[in-house]
Number of protein chains: 6
Amino acid sequence: MKIPMPTFNATTPDIIEIALEEDVGPGDLTAAYFCENRKAKARIFAKESAVLSGVDLAAETFRRVDQSVHSIATKRDGSLLSPGETVLEISGPLPSLLTAERVALNFLQHLSGVASITRKFVDAVKGTNARILDTRKTAPGLRALQKKAVLDGGGTNHRMGLYDMVMVKDNHLAANSTPSDLQSAILKLKAAHPNVRVELEADTLEQVRSFLEFTGIDVILLDNMSPEVMREAVALVRQRVTLEASGGVSLETVASIASTGVDYISIGALTHSVRAIDFSMEILQEENQ
Amino acid sequence: MKIPMPTFNATTPDIIEIALEEDVGPGDLTAAYFCENRKAKARIFAKESAVLSGVDLAAETFRRVDQSVHSIATKRDGSLLSPGETVLEISGPLPSLLTAERVALNFLQHLSGVASITRKFVDAVKGTNARILDTRKTAPGLRALQKKAVLDGGGTNHRMGLYDMVMVKDNHLAANSTPSDLQSAILKLKAAHPNVRVELEADTLEQVRSFLEFTGIDVILLDNMSPEVMREAVALVRQRVTLEASGGVSLETVASIASTGVDYISIGALTHSVRAIDFSMEILQEENQ
Amino acid sequence: MKIPMPTFNATTPDIIEIALEEDVGPGDLTAAYFCENRKAKARIFAKESAVLSGVDLAAETFRRVDQSVHSIATKRDGSLLSPGETVLEISGPLPSLLTAERVALNFLQHLSGVASITRKFVDAVKGTNARILDTRKTAPGLRALQKKAVLDGGGTNHRMGLYDMVMVKDNHLAANSTPSDLQSAILKLKAAHPNVRVELEADTLEQVRSFLEFTGIDVILLDNMSPEVMREAVALVRQRVTLEASGGVSLETVASIASTGVDYISIGALTHSVRAIDFSMEILQEENQ
Amino acid sequence: MKIPMPTFNATTPDIIEIALEEDVGPGDLTAAYFCENRKAKARIFAKESAVLSGVDLAAETFRRVDQSVHSIATKRDGSLLSPGETVLEISGPLPSLLTAERVALNFLQHLSGVASITRKFVDAVKGTNARILDTRKTAPGLRALQKKAVLDGGGTNHRMGLYDMVMVKDNHLAANSTPSDLQSAILKLKAAHPNVRVELEADTLEQVRSFLEFTGIDVILLDNMSPEVMREAVALVRQRVTLEASGGVSLETVASIASTGVDYISIGALTHSVRAIDFSMEILQEENQ
Amino acid sequence: MKIPMPTFNATTPDIIEIALEEDVGPGDLTAAYFCENRKAKARIFAKESAVLSGVDLAAETFRRVDQSVHSIATKRDGSLLSPGETVLEISGPLPSLLTAERVALNFLQHLSGVASITRKFVDAVKGTNARILDTRKTAPGLRALQKKAVLDGGGTNHRMGLYDMVMVKDNHLAANSTPSDLQSAILKLKAAHPNVRVELEADTLEQVRSFLEFTGIDVILLDNMSPEVMREAVALVRQRVTLEASGGVSLETVASIASTGVDYISIGALTHSVRAIDFSMEILQEENQ
Amino acid sequence: MKIPMPTFNATTPDIIEIALEEDVGPGDLTAAYFCENRKAKARIFAKESAVLSGVDLAAETFRRVDQSVHSIATKRDGSLLSPGETVLEISGPLPSLLTAERVALNFLQHLSGVASITRKFVDAVKGTNARILDTRKTAPGLRALQKKAVLDGGGTNHRMGLYDMVMVKDNHLAANSTPSDLQSAILKLKAAHPNVRVELEADTLEQVRSFLEFTGIDVILLDNMSPEVMREAVALVRQRVTLEASGGVSLETVASIASTGVDYISIGALTHSVRAIDFSMEILQEENQ
């Protein structure tokens, strides 16, 4: 048997409508007055090296503008692109191609930006067991797409939102709460939602040690610790729970963090500070000559 | 008389709902099981220097999660922030504050990122007549907010979308189109939509010169020209139409482009490659003690 | 080269859904119980002379009710129709044709009403330079469609809404505002939104004269002036800005207003007081005999 | 006991949002740059005699733009208005009043137009038993509001749509259908939907006579008959079913049609050819002086 | 002529989207990682005797998940099913079939549950003139579908909601209201809405008697009366108005209620207490071998 | 510290709008014509013993119909109710109370039905370690609400949908798939989504045994096994993974299943075959006398 690995397929019908509405609105004036109504072929290609994400969204954007437009993705999400490499071939009425162009490129440039920076972090920790995680620090309205782009870049998804995992931080606990209060809350949560994992945030080794006493803990977050302290935490925990490192991770520091033996390294910048990848659409030829 | 200058008030009811839906979804499990149901006060502050944008959205986000939450913006959009400076004070049930925290911060970090980089470009061209323009290279679903953030940073808005201005590029014109075809299209457009401005894209000085023959042209885009060629274009045009420079503009090159005498410099990176500003929420005190 | 002139293509996906929802709601009881489930052909035709608008919406309405319905528009929007002339041929299941009939006709009768009255005004000013403008006095929910119908009738579109042009009226200015306040506001607006045009409303010749001092004014509105005063305004302005006449325009008076030399005449009645054109659907033949 | 007669309260949350979206869109540029941010009072009044409809929608429109705006309706829907009479008093921030003004007036001018023409038809048939009915020939998206305006004008509502009553026309019946087929369909409909009324369209007296044989018929539509033939139909039917006259009804002919003794006269022009009533908003005074 | 009897076609585009959104959300993780991406055939069948309802919704659910899935309904809504009988044949990509399976079954099991219990009540009153009515006691969001399922089971629809019929209960009338107040309200209602039927709720024979004095009453509801009292009410009314029995009806008692001669028996349990019918999807074969 | 246990707060803004739209639609005709417009007080109470769920939805329903209605929940969700016990006190305009009544009761009767049957199963397994789980067999559109009602009844939530947990069934695996294929898929899933739990369905003891070899399995589903076989499975597994029993569970059999030592028992009938709890609204007094 070959179990295929289709990427996690985010259903995002609305964002395309929203993006077209804000760009096209009541109509494309340039296409209406300055564009020959002929059939054309075009291609979209990357102008720099990148990891592709969003090609299906780009294709669907053309279809939404005009159902008679046909397109073929020549690369799948997750592919490594060389400069100049075509990712989508499109044919249809020229005005429709030009009306859809910018929105399609906006999806590609942003999502491929996410996938590409993710890949750089993933490559930086190769040879260790650490995996690169995203966070909830996403662009409003684009979370599902950004998280899929993280997968396309070889990264790993943290929780989707507040509803599918528990993360307990300092602010959640009162100064006078006792360990047995916390234990009791964990057990009540697990009783009602047995499939939900629990993560606790630790700022010190002492906290890490105390958390190991609890039943029902799945992950401990090592928040803003130095690599040295992380290494001690790893030794302390000895794989009884999963460890996630977080805080101030950059391409320069990620390898040394990974070398401490933590299981996961979460990085907000994968989704909150995205550099767009440069894509372009080229009109190829006139069909009706 | 004092004519006040309220910033252009983008109405964005839906994006908050969308962002809360993707983060909170069917409910905040951590707040439900691990959070005291007491009143609390909190503040949101910048952890680095920045230009503020999105503070009203952040305030509204808390109100959408819980109508009993009160908040006061202590800074207005467009303000310069020092590290540590408070922008929003919030009071209400602690679980509601924690549920809304991430979405509110996601708006602030992204939009203030747009405003802050815009301000850097604006500062770099001070002393010239050039103004910094945004483009249509925006994050899907966030265009109106990003364009308002550009204003908060002292920038200038290009067209909102395809519907409120015409920009004619190479792709719009066929190889065999004559100048009189183009002139005829401009006049037809202006006849139907007299309030719509027309911009033509020029790649060479020769094109610039030929465009000056047309009636009804408002702007010429100088695409990817060197500062030297731009300077010639400025001399050629002598303010008969507006000139916009575009292509490969960076903080290093923008001043020399501005010095050529062009009226506008448009920069996709203002909105397509945003570095988030670091904001944080701090719980201040317990009220019910 | 032939640059085609496709009319400005308003994207109106939702209004068809809304109109079907309010007419069909939970189902068409008559079609369900009193209609043979056979294939049929039908045509829609005008019962009086008219200018056509809305034929694509009508065709799409049938498709929304039943994707197996096929239709061909035999006339394009903007065409002059004689009584009895067919505009749409439809074939498909008879119950679907009858369910969609009324909504399709409602679009046609209203929008062709807008186009037809617009054409009458346009014809009335032939031989002058004046153009007929619409206003923001539209039927709620139908603005984009009505404005396209004005184009179909040969008219010209004023601004789409409050967001794409500035019009300063008496109510905007305080009694004690100085000319320099107003000039300052104009310059700030143009700095942030260079593509936005500015129009000032004038009630007297004196106001017109004072407005000519301002930098950044594009249009002056001559509000409710007599043709004689308008003529003086035209002489005064000498094409330095565009002039729009407004107020109490009828088919009887429009020619004399146009003869004053104003550039535009705006008429609320094009969209706020529409007389429907009489269209009808005729079932042509049974296919399954 | 006093049973009050509140008018049928159409719930129309969405149309206000839609109308504001199309007029204000991403923001009111004039209010943002050219309007003092002071409190103001205003009133809306009719500039001609009319029957009021839509005053609650107008009030709600201001509230949607700015929840701090307060308004008081000084007249209720259905009231007769003299020229100059105030219908709504509003107070709040001046920019908000000006931003909402046009949409509020658009509702008032259209719906009061429906109510006013309805009242003219109702007055024209006074002294007879005939009642004035609306039809399904409504402006897309505005049916519920237009039908309430018909009630405000003293008219009577026909069915809301295809879902709440049956009307069988020629097109529904095949050439070879027998009376027993039709009778059978009526009984099946009534068995499944006992609360649904059945109307049959008749073009000739002969058809009227044959319809009287059926069980389960509630109304017969007399389509495009002369008053003489209608009078014969009334005599024939002797109140065994309800009679509705339809086709080519005008203010000139409606009285003679009513005098034939028919129960209802339906008129498409009440909603498909509406002349707007002229309403205006006046800023009353400055509060912050 | 053969007038066909297509069942009342409820248009329910949104509920399928809603149901898929809540089940699939950001994606089907099992299908993405554990499912061969091959073509497959499947069938849906009942595992117990039932009356079918919802088969078109089930088919459409598969199409919404993946437009390349094809399906054929082998039974129509309203059919009697034996255990094991196939109702839908489906072919398409296996992951799409498995993603859509649960939502499709959820529609079938619930709606066929409504149709099946309705049929039991209908069968129980065979031989009498009484018809089985549903009520407004429906599952939120599913009313139109549940009411169509009642028709599929041979039942009869009461009003769709508060908008298409009047039912006056005790709570509507004040203690001091007089019969002439009520008569006046009925006449005003009928004047404005002649197609709307009026039902009055009666708790005693005396009330029934008094209601017979009114003009414009269509139905009297006999609320929670014993069969003996109902029989007296039937004798009293002598078919001058329609009688509906209501309150505490079960499969055990419905026949004796029907034998009293009432026209309708309304039963909330048809829609508020539905037992699901057991349906299952079986993967039939691999196509790509 | 006291960590409170607020129930998992499902955000369900839309379902109330949907339910009101289908019941009230264009307006409540009875309230408009037959109801005094006076203030009134009312209470909602259970007419039978039950576990309460949905009281906040009911309160919100009244507020949506009329923002001036005030209500106080006198019982919280999860409370045991005796017959006659009040759960909600409401005051406001009588027409608004009557318009909202049915939708509010529809939420209460359905959700309390879910909570009440859940409680019966929970009580039946008291004294064992087994917990009662819901399934994805929910009423379309009501999943989040039904799952919260299961918690109110003391039950435990299984996954929310296909997106937050993996369950691998027979249909997912091809005949020729090897254990190493499956192991590889599990590891790939866990690499991308470390917080997602994996459940495998087993039909035989042999399968259970083979599943224990895998790394990364969290739960094994024992599908339709007899209590004897389940007991063997429990012994075999010795708590290395969690065990869920499923298939044909009733109030009669659940205790013996629980006694086998399985961790969870999942029951579709909690949500797919709900018997409504009888709630009623009583108008208490007139305020305006």
# chains A, B, ... in the order shown; residues from 1 in each chain; ligands from 1
$ closest_atom_pairs --of "chain F" --to "chain D" --cutoff "6 Å" --atoms "only C-alpha atoms" --output "JSON lines"
{"residue": "F:Pro26", "atom": "CA", "partner": "D:Ala10", "partner_atom": "CA", "distance": 4.9}
{"residue": "F:Gly27", "atom": "CA", "partner": "D:Ala10", "partner_atom": "CA", "distance": 5.1}
{"residue": "F:Ala32", "atom": "CA", "partner": "D:Pro6", "partner_atom": "CA", "distance": 5.3}
{"residue": "F:Tyr33", "atom": "CA", "partner": "D:Met5", "partner_atom": "CA", "distance": 5.4}
{"residue": "F:Glu36", "atom": "CA", "partner": "D:Ile3", "partner_atom": "CA", "distance": 5.2}
$ write_last_selection --atoms "all heavy atoms" --output "short mmCIF file (atom, residue, chain, number, x, y, z; two decimals), in the first residue's frame"
data_model
loop_
_atom_site.label_atom_id
_atom_site.label_comp_id
_atom_site.auth_asym_id
_atom_site.auth_seq_id
_atom_site.Cartn_x
_atom_site.Cartn_y
_atom_site.Cartn_z
N PRO F 26 -40.62 37.97 7.56
CA PRO F 26 -40.94 39.40 7.38
C PRO F 26 -41.77 40.01 8.51
O PRO F 26 -42.01 41.21 8.48
CB PRO F 26 -41.71 39.42 6.04
CG PRO F 26 -41.97 38.01 5.66
CD PRO F 26 -41.17 37.09 6.54
N GLY F 27 -42.20 39.26 9.52
CA GLY F 27 -42.89 39.90 10.64
C GLY F 27 -43.89 38.98 11.32
O GLY F 27 -44.37 38.01 10.74
N ALA F 32 -48.71 41.83 15.58
CA ALA F 32 -48.95 43.16 15.00
C ALA F 32 -50.41 43.57 15.11
O ALA F 32 -50.72 44.75 15.28
CB ALA F 32 -48.50 43.19 13.54
N TYR F 33 -51.31 42.59 15.04
CA TYR F 33 -52.73 42.95 14.97
C TYR F 33 -53.54 42.55 16.20
O TYR F 33 -54.64 43.03 16.39
CB TYR F 33 -53.37 42.34 13.72
CG TYR F 33 -52.96 43.03 12.45
CD1 TYR F 33 -51.83 42.63 11.76
CD2 TYR F 33 -53.68 44.12 11.97
CE1 TYR F 33 -51.44 43.30 10.60
CE2 TYR F 33 -53.29 44.79 10.82
CZ TYR F 33 -52.19 44.37 10.14
OH TYR F 33 -51.80 45.03 9.01
N GLU F 36 -51.95 43.73 22.66
CA GLU F 36 -51.79 45.03 23.28
C GLU F 36 -50.31 45.39 23.37
O GLU F 36 -49.49 44.56 23.75
CB GLU F 36 -52.36 45.01 24.69
CG GLU F 36 -53.86 45.17 24.71
CD GLU F 36 -54.30 45.57 26.11
OE1 GLU F 36 -53.95 44.83 27.05
OE2 GLU F 36 -54.97 46.60 26.26
#
$ residues_around --residues "Ser280 of chain D" --least-positions-apart "4" --cutoff "8 Å" --atoms "only C-alpha atoms" --output "PDB file with N, CA and C atoms, in the first residue's frame"
ATOM      1  N   ILE D  44     -35.002  66.171   9.745  1.00  0.00           N
ATOM      2  CA  ILE D  44     -35.355  65.744   8.397  1.00  0.00           C
ATOM      3  C   ILE D  44     -36.810  66.104   8.177  1.00  0.00           C
ATOM      4  N   PHE D  45     -37.079  66.707   7.027  1.00  0.00           N
ATOM      5  CA  PHE D  45     -38.447  67.144   6.747  1.00  0.00           C
ATOM      6  C   PHE D  45     -38.783  66.883   5.281  1.00  0.00           C
ATOM      7  N   ALA D  46     -40.088  66.789   5.024  1.00  0.00           N
ATOM      8  CA  ALA D  46     -40.577  66.609   3.650  1.00  0.00           C
ATOM      9  C   ALA D  46     -40.669  67.965   2.977  1.00  0.00           C
ATOM     10  N   LYS D  47     -40.326  68.034   1.709  1.00  0.00           N
ATOM     11  CA  LYS D  47     -40.433  69.296   0.983  1.00  0.00           C
ATOM     12  C   LYS D  47     -41.703  69.352   0.129  1.00  0.00           C
ATOM     13  N   LEU D 105     -32.009  59.441   3.756  1.00  0.00           N
ATOM     14  CA  LEU D 105     -32.954  60.090   2.834  1.00  0.00           C
ATOM     15  C   LEU D 105     -33.375  59.154   1.710  1.00  0.00           C
TER      16      LEU D 105
END
$ select_by_dssp --residues "segment 40-120 of chain B" --states "alpha helix (DSSP H)" --output "VMD selection string"
chain B and resid 55 to 65 94 to 120
$ residues_around --residues "Arg131 of chain A" --least-positions-apart "3" --cutoff "10 Å" --atoms "only C-alpha atoms" --output "list of chain:residue names"
A:Phe121, A:Val122, A:Val125, A:Lys126, A:Thr128, A:Gly154, A:Gly155, A:Thr156, A:Asn157, A:Glu244, A:Ala258, A:Val262, A:Asp263, A:Tyr264, A:Ile265, A:Ser266, F:Ala191, F:Ala192, F:Pro194
$ write_last_selection --atoms "N, CA, C and O atoms" --output "JSON list (two decimals), in the first residue's frame"
[["chain", "number", "residue", "atom", "x", "y", "z"],
["A", 121, "PHE", "N", 14.19, 27.97, 8.58],
["A", 121, "PHE", "CA", 14.34, 27.53, 9.97],
["A", 121, "PHE", "C", 14.45, 26.00, 10.05],
["A", 121, "PHE", "O", 15.24, 25.46, 10.83],
["A", 122, "VAL", "N", 13.63, 25.33, 9.24],
["A", 122, "VAL", "CA", 13.66, 23.86, 9.25],
["A", 122, "VAL", "C", 15.05, 23.37, 8.83],
["A", 122, "VAL", "O", 15.63, 22.46, 9.45],
["A", 125, "VAL", "N", 17.80, 23.57, 11.53],
["A", 125, "VAL", "CA", 17.83, 22.62, 12.66],
["A", 125, "VAL", "C", 18.00, 21.18, 12.18],
["A", 125, "VAL", "O", 17.80, 20.24, 12.97],
["A", 126, "LYS", "N", 18.30, 21.00, 10.92],
["A", 126, "LYS", "CA", 18.50, 19.65, 10.40],
["A", 126, "LYS", "C", 19.57, 18.94, 11.19],
["A", 126, "LYS", "O", 20.57, 19.53, 11.58],
["A", 128, "THR", "N", 19.08, 17.71, 14.10],
["A", 128, "THR", "CA", 18.61, 17.62, 15.49],
["A", 128, "THR", "C", 17.22, 17.00, 15.46],
["A", 128, "THR", "O", 16.63, 16.78, 14.39],
["A", 154, "GLY", "N", 7.63, 22.73, 5.55],
["A", 154, "GLY", "CA", 8.26, 21.68, 6.34],
["A", 154, "GLY", "C", 8.12, 21.88, 7.83],
["A", 154, "GLY", "O", 8.65, 21.10, 8.63],
["A", 155, "GLY", "N", 7.39, 22.90, 8.23],
["A", 155, "GLY", "CA", 7.18, 23.16, 9.64],
["A", 155, "GLY", "C", 6.04, 22.33, 10.22],
["A", 155, "GLY", "O", 5.46, 21.48, 9.53],
["A", 156, "THR", "N", 5.74, 22.59, 11.45],
["A", 156, "THR", "CA", 4.77, 21.83, 12.23],
["A", 156, "THR", "C", 3.77, 22.81, 12.83],
["A", 156, "THR", "O", 4.16, 23.90, 13.23],
["A", 157, "ASN", "N", 2.48, 22.40, 12.84],
["A", 157, "ASN", "CA", 1.46, 23.31, 13.36],
["A", 157, "ASN", "C", 1.27, 23.16, 14.86],
["A", 157, "ASN", "O", 1.03, 22.06, 15.36],
["A", 244, "GLU", "N", 8.76, 22.50, 24.67],
["A", 244, "GLU", "CA", 8.70, 23.50, 23.59],
["A", 244, "GLU", "C", 9.50, 24.73, 24.01],
["A", 244, "GLU", "O", 9.26, 25.29, 25.08],
["A", 258, "ALA", "N", 18.11, 24.27, 19.19],
["A", 258, "ALA", "CA", 17.75, 22.90, 18.81],
["A", 258, "ALA", "C", 18.72, 21.89, 19.43],
["A", 258, "ALA", "O", 18.33, 20.78, 19.80],
["A", 262, "VAL", "N", 15.49, 20.09, 23.03],
["A", 262, "VAL", "CA", 14.04, 20.34, 23.11],
["A", 262, "VAL", "C", 13.34, 19.71, 21.91],
["A", 262, "VAL", "O", 13.94, 19.49, 20.86],
["A", 263, "ASP", "N", 12.04, 19.43, 22.09],
["A", 263, "ASP", "CA", 11.29, 18.77, 21.02],
["A", 263, "ASP", "C", 10.81, 19.74, 19.95],
["A", 263, "ASP", "O", 10.76, 19.42, 18.78],
["A", 264, "TYR", "N", 10.41, 20.94, 20.41],
["A", 264, "TYR", "CA", 9.82, 21.91, 19.50],
["A", 264, "TYR", "C", 10.37, 23.30, 19.75],
["A", 264, "TYR", "O", 10.71, 23.64, 20.88],
["A", 265, "ILE", "N", 10.43, 24.09, 18.68],
["A", 265, "ILE", "CA", 10.82, 25.49, 18.79],
["A", 265, "ILE", "C", 9.74, 26.30, 18.08],
["A", 265, "ILE", "O", 9.52, 26.12, 16.87],
["A", 266, "SER", "N", 9.04, 27.15, 18.82],
["A", 266, "SER", "CA", 7.95, 27.92, 18.20],
["A", 266, "SER", "C", 8.42, 29.33, 17.88],
["A", 266, "SER", "O", 9.13, 29.96, 18.66],
["F", 191, "ALA", "N", 4.26, 14.57, 13.14],
["F", 191, "ALA", "CA", 5.30, 15.54, 12.85],
["F", 191, "ALA", "C", 4.70, 16.90, 12.48],
["F", 191, "ALA", "O", 5.18, 17.95, 12.90],
["F", 192, "ALA", "N", 3.63, 16.87, 11.71],
["F", 192, "ALA", "CA", 3.02, 18.13, 11.29],
["F", 192, "ALA", "C", 2.08, 18.69, 12.35],
["F", 192, "ALA", "O", 1.94, 19.89, 12.50],
["F", 194, "PRO", "N", 1.60, 17.93, 16.15],
["F", 194, "PRO", "CA", 1.93, 17.17, 17.36],
["F", 194, "PRO", "C", 0.81, 17.17, 18.40],
["F", 194, "PRO", "O", 0.77, 16.28, 19.25]]
$ closest_residue --among "D:Leu20, D:Leu222, D:Ile267, D:Met167" --to "Arg102 of chain D" --atoms "only C-alpha atoms"
D:Leu20
$ select_by_dssp --residues "segment 71-257 of chain B" --states "strand (DSSP E)" --output "PyMOL selection string"
chain B and resi 71-73+80-81+86-93+131-133+166-168+198-202+219-223+242-246
$ write_last_selection --atoms "N, CA and C atoms" --output "compact mmCIF listing (two decimals), in the first residue's frame"
# COMPACT_ATOMS: atom_id res chain seq x y z
N SER B 71 -12.62 49.89 27.79
CA SER B 71 -11.23 50.16 27.44
C SER B 71 -11.08 51.62 27.05
N ILE B 72 -9.91 52.17 27.28
CA ILE B 72 -9.61 53.56 26.94
C ILE B 72 -8.29 53.58 26.18
N ALA B 73 -8.34 54.13 24.96
CA ALA B 73 -7.10 54.29 24.20
C ALA B 73 -6.35 55.50 24.74
N LEU B 80 3.73 58.48 17.82
CA LEU B 80 5.04 57.82 17.98
C LEU B 80 5.09 57.20 19.36
N LEU B 81 5.48 55.95 19.44
CA LEU B 81 5.52 55.24 20.72
C LEU B 81 6.96 54.97 21.14
N THR B 86 2.13 52.78 27.13
CA THR B 86 0.79 52.19 27.11
C THR B 86 -0.04 52.78 25.98
N VAL B 87 -0.78 51.93 25.26
CA VAL B 87 -1.67 52.44 24.22
C VAL B 87 -3.14 52.17 24.53
N LEU B 88 -3.42 51.19 25.38
CA LEU B 88 -4.81 50.85 25.68
C LEU B 88 -4.89 50.35 27.12
N GLU B 89 -5.85 50.89 27.87
CA GLU B 89 -6.15 50.40 29.22
C GLU B 89 -7.48 49.66 29.17
N ILE B 90 -7.52 48.48 29.78
CA ILE B 90 -8.70 47.64 29.65
C ILE B 90 -9.11 47.17 31.04
N SER B 91 -10.43 47.10 31.30
CA SER B 91 -10.89 46.49 32.55
C SER B 91 -12.13 45.67 32.27
N GLY B 92 -12.23 44.53 32.96
CA GLY B 92 -13.37 43.64 32.76
C GLY B 92 -13.04 42.26 33.28
N PRO B 93 -13.93 41.31 33.05
CA PRO B 93 -13.69 39.94 33.53
C PRO B 93 -12.39 39.38 32.96
N ARG B 131 6.31 62.19 -2.27
CA ARG B 131 5.45 61.56 -1.27
C ARG B 131 5.49 60.04 -1.44
N ILE B 132 5.32 59.36 -0.31
CA ILE B 132 5.40 57.89 -0.30
C ILE B 132 4.02 57.29 -0.51
N LEU B 133 3.87 56.47 -1.53
CA LEU B 133 2.59 55.85 -1.89
C LEU B 133 2.58 54.37 -1.57
N VAL B 166 -7.77 54.37 -13.09
CA VAL B 166 -7.32 53.55 -14.22
C VAL B 166 -5.80 53.56 -14.27
N MET B 167 -5.20 52.37 -14.40
CA MET B 167 -3.77 52.31 -14.68
C MET B 167 -3.55 51.37 -15.87
N VAL B 168 -3.03 51.93 -16.94
CA VAL B 168 -2.87 51.17 -18.18
C VAL B 168 -1.43 50.68 -18.27
N VAL B 198 -6.50 58.86 -14.75
CA VAL B 198 -5.88 57.89 -15.65
C VAL B 198 -4.36 57.94 -15.51
N GLU B 199 -3.75 56.78 -15.31
CA GLU B 199 -2.30 56.69 -15.21
C GLU B 199 -1.79 55.73 -16.29
N LEU B 200 -0.68 56.10 -16.93
CA LEU B 200 -0.06 55.22 -17.94
C LEU B 200 1.32 54.80 -17.47
N GLU B 201 1.65 53.55 -17.73
CA GLU B 201 2.96 53.04 -17.31
C GLU B 201 3.98 53.23 -18.44
N ALA B 202 5.11 53.86 -18.11
CA ALA B 202 6.16 54.08 -19.11
C ALA B 202 7.44 53.37 -18.68
N VAL B 219 -1.47 60.92 -14.70
CA VAL B 219 -0.23 60.45 -14.07
C VAL B 219 0.54 59.57 -15.05
N ILE B 220 1.86 59.67 -15.00
CA ILE B 220 2.71 58.71 -15.72
C ILE B 220 3.56 57.97 -14.70
N LEU B 221 3.54 56.65 -14.83
CA LEU B 221 4.34 55.80 -13.94
C LEU B 221 5.70 55.54 -14.58
N LEU B 222 6.76 55.90 -13.87
CA LEU B 222 8.11 55.63 -14.36
C LEU B 222 8.54 54.30 -13.76
N ASP B 223 8.51 53.25 -14.58
CA ASP B 223 8.68 51.91 -14.04
C ASP B 223 10.13 51.46 -14.13
N THR B 242 1.46 64.41 -13.42
CA THR B 242 2.09 63.94 -12.20
C THR B 242 2.98 62.75 -12.53
N LEU B 243 4.12 62.63 -11.83
CA LEU B 243 5.02 61.51 -12.07
C LEU B 243 5.14 60.62 -10.84
N GLU B 244 5.04 59.31 -11.07
CA GLU B 244 5.17 58.34 -9.97
C GLU B 244 6.33 57.41 -10.29
N ALA B 245 7.26 57.28 -9.36
CA ALA B 245 8.36 56.34 -9.51
C ALA B 245 8.01 55.02 -8.84
N SER B 246 8.44 53.93 -9.48
CA SER B 246 8.07 52.63 -8.94
C SER B 246 9.14 51.61 -9.29
$ residues_around --residues "Asp164 of chain F" --least-positions-apart "3" --cutoff "8 Å" --atoms "only C-alpha atoms" --output "mmCIF file with C-alpha atoms, in the first residue's frame"
data_model
loop_
_atom_site.group_PDB
_atom_site.id
_atom_site.type_symbol
_atom_site.label_atom_id
_atom_site.label_comp_id
_atom_site.auth_asym_id
_atom_site.auth_seq_id
_atom_site.Cartn_x
_atom_site.Cartn_y
_atom_site.Cartn_z
ATOM 1 C CA ASP A 164 -8.301 22.839 20.375
ATOM 2 C CA LEU E 29 -6.909 15.358 9.084
ATOM 3 C CA ARG F 159 -13.632 15.436 18.912
ATOM 4 C CA MET F 160 -15.499 18.509 17.624
ATOM 5 C CA GLY F 161 -15.061 17.485 14.004
ATOM 6 C CA VAL F 196 -3.512 15.951 17.425
#
$ atom_distance --atom1 "atom CA of Gly247 of chain B" --atom2 "atom CA of Ala269 of chain B"
10.5 Å
$ residues_around --residues "Leu98 of chain A" --least-positions-apart "2" --cutoff "12 Å" --atoms "only C-alpha atoms" --output "JSON, numbers by chain"
{"A": [24, 28, 29, 30, 31, 32, 34, 35, 36, 37, 38, 39, 40, 41, 42, 43, 61, 62, 65, 66, 69, 90, 91, 92, 93, 94, 95, 96, 100, 101, 102, 103, 104, 105, 280, 281, 282, 283], "B": [162, 167, 168, 169, 170, 171, 172, 173]}
